[in-house]
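K.L.:
Here it is, the structure, as structure tokens.
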Amino acid sequence: MEIIKYPLQMHGDYRGHLVAVEEKKDIPFEIKRVYYIVDTAQGVVRGHHAHKSLEQVLVCVHGSVKITLDDGTERKTVVLDDPCDGLYVSNNIWREMSEFSEHAVLIVFASKFYDENDYIRDYDEFLKYVREQNN
Ligand code: TYD
């Protein structure tokens, strides 16, 4: 499994910093939805799901978070701690978010509106689904 990152440009001057994200330019898809994860309790692991068709780019704009990605064959972890570091998560990838630092803010850009039917929330079901897709 290849880890795909989208480096985002930091516009900085004496006032501080600004990062802009445009669809089909800074990230590869049209942005239908943006959500952010804040106030995460220490020690919590979020995610534990895959999507059948959703694509996402994750950016930790404050603090740090560990992202675990699993394509059903291998599992990789990435630490996000840079507001210019966009992590691409394609469909058919099981993801877990853990080790949130205190006050971490994780922003997610998503290619589709929220749809519970797009989720696979059971790991065994995920493995079965990706194996079927690959055959
Ligand atoms: P959940 O899927 O449990 O989050 P995570 O994957 O980070 O563990 O989502 C938490 C709640 O938020 C759940 O009730 C569904 C809701 N939600 C929305 O309403 N819209 C969204 O875009 C997302 C991602 C979640």
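A note on labels: chains of the structure tokens are A, B, ... as shown, every chain counts residues from 1, and ligands are counted from 1 in their shown order.
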Taking only C-alpha atoms and all ligand atoms into account, which residues are within 6 Å of ligand 1, as number ranges by chain?

P.N.:
A: 46-47, 114

K.L.:
Write the residues of the preceding selection, restricted to N, CA, C and O atoms, as an mmCIF file, in the first residue's frame.

P.N.:
```
data_model
loop_
_atom_site.group_PDB
_atom_site.id
_atom_site.type_symbol
_atom_site.label_atom_id
_atom_site.label_comp_id
_atom_site.auth_asym_id
_atom_site.auth_seq_id
_atom_site.Cartn_x
_atom_site.Cartn_y
_atom_site.Cartn_z
ATOM 1 N N ARG A 46 -10.384 6.480 17.323
ATOM 2 C CA ARG A 46 -11.578 6.741 16.510
ATOM 3 C C ARG A 46 -11.449 6.019 15.174
ATOM 4 O O ARG A 46 -10.395 5.483 14.849
ATOM 5 N N GLY A 47 -12.503 6.119 14.376
ATOM 6 C CA GLY A 47 -12.463 5.510 13.048
ATOM 7 C C GLY A 47 -13.023 4.110 13.112
ATOM 8 O O GLY A 47 -14.214 3.933 13.314
ATOM 9 N N TYR A 114 -22.165 12.919 3.698
ATOM 10 C CA TYR A 114 -22.240 11.841 4.679
ATOM 11 C C TYR A 114 -23.291 10.820 4.258
ATOM 12 O O TYR A 114 -24.426 11.177 3.954
#
```

K.L.:
With only C-alpha atoms as the counted atoms, please give the residues lying no more than 8 Å from Pro83 (chain A), apart from itself and same-chain residues fewer than 4 positions off, as a list in words.

P.N.:
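In the requested form, the answer reads Leu8, Val19, Val59, Cys60, Val61 and His62 of chain A.
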
K.L.:
Write down as a PyMOL selection string the residues of region 18-113 of chain A whose backbone DSSP state falls under strand (DSSP E or B).

P.N.:
chain A and resi 18-19+23+27+33-37+46-51+56-62+65-70+75-80+85-89+94-98+105-110

K.L.:
Run DSSP on the backbone and give me the residues of chain A it puts in alpha helix (DSSP H), as a list of chain:residue names.

P.N.:
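So, restricting chain A to alpha helix (DSSP H), we get A:Tyr123, A:Asp124, A:Glu125, A:Phe126, A:Leu127, A:Lys128, A:Tyr129, A:Val130, A:Arg131, A:Glu132, A:Gln133, A:Asn134.
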
K.L.:
Kindly provide the residues of region 81-124 of chain A that approach region 28-43 of chain A to within 9 Å, each paired with its closest atom pair and their distance in Å to one decimal, based on only C-alpha atoms, listed by chain and increasing number, as JSON lines.

P.N.:
```
{"residue": "A:Ser98", "atom": "CA", "partner": "A:Gly43", "partner_atom": "CA", "distance": 7.1}
{"residue": "A:Glu99", "atom": "CA", "partner": "A:Gly43", "partner_atom": "CA", "distance": 6.1}
{"residue": "A:Phe100", "atom": "CA", "partner": "A:Gln42", "partner_atom": "CA", "distance": 6.7}
{"residue": "A:Ser101", "atom": "CA", "partner": "A:Gln42", "partner_atom": "CA", "distance": 7.4}
{"residue": "A:Glu102", "atom": "CA", "partner": "A:Gln42", "partner_atom": "CA", "distance": 7.2}
{"residue": "A:His103", "atom": "CA", "partner": "A:Asp39", "partner_atom": "CA", "distance": 6.0}
{"residue": "A:Ala104", "atom": "CA", "partner": "A:Val38", "partner_atom": "CA", "distance": 6.4}
{"residue": "A:Val105", "atom": "CA", "partner": "A:Val38", "partner_atom": "CA", "distance": 5.1}
{"residue": "A:Leu106", "atom": "CA", "partner": "A:Ile37", "partner_atom": "CA", "distance": 5.1}
{"residue": "A:Ile107", "atom": "CA", "partner": "A:Tyr36", "partner_atom": "CA", "distance": 4.2}
{"residue": "A:Val108", "atom": "CA", "partner": "A:Tyr35", "partner_atom": "CA", "distance": 5.4}
{"residue": "A:Phe109", "atom": "CA", "partner": "A:Val34", "partner_atom": "CA", "distance": 4.7}
{"residue": "A:Ala110", "atom": "CA", "partner": "A:Arg33", "partner_atom": "CA", "distance": 5.1}
{"residue": "A:Ser111", "atom": "CA", "partner": "A:Ile31", "partner_atom": "CA", "distance": 5.0}
{"residue": "A:Lys112", "atom": "CA", "partner": "A:Lys32", "partner_atom": "CA", "distance": 5.0}
{"residue": "A:Phe113", "atom": "CA", "partner": "A:Arg33", "partner_atom": "CA", "distance": 5.7}
{"residue": "A:Tyr114", "atom": "CA", "partner": "A:Arg33", "partner_atom": "CA", "distance": 7.7}
```

K.L.:
Quick one: of A:Glu96, A:Gly63, A:Cys84, A:Thr77, who's nearest to His17 (chain A), counting only C-alpha atoms?

P.N.:
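Looking only at the distances to His17 (chain A), the closest residue turns out to be A:Cys84.
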
K.L.:
Measuring between only C-alpha atoms, which one of A:Ile3, A:Ser64, A:Thr73, A:Leu127 shows the shortest distance to Ser90 (chain A)?

P.N.:
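Looking at the shortest contact to Ser90 (chain A), the residue is A:Ile3.
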
K.L.:
Would you mind listing what lies within 7 Å of Glu74 (chain A) as a PyMOL selection string, with only C-alpha atoms counted and same-chain residues fewer than 3 positions away left out?

P.N.:
chain A and resi 1+70-71
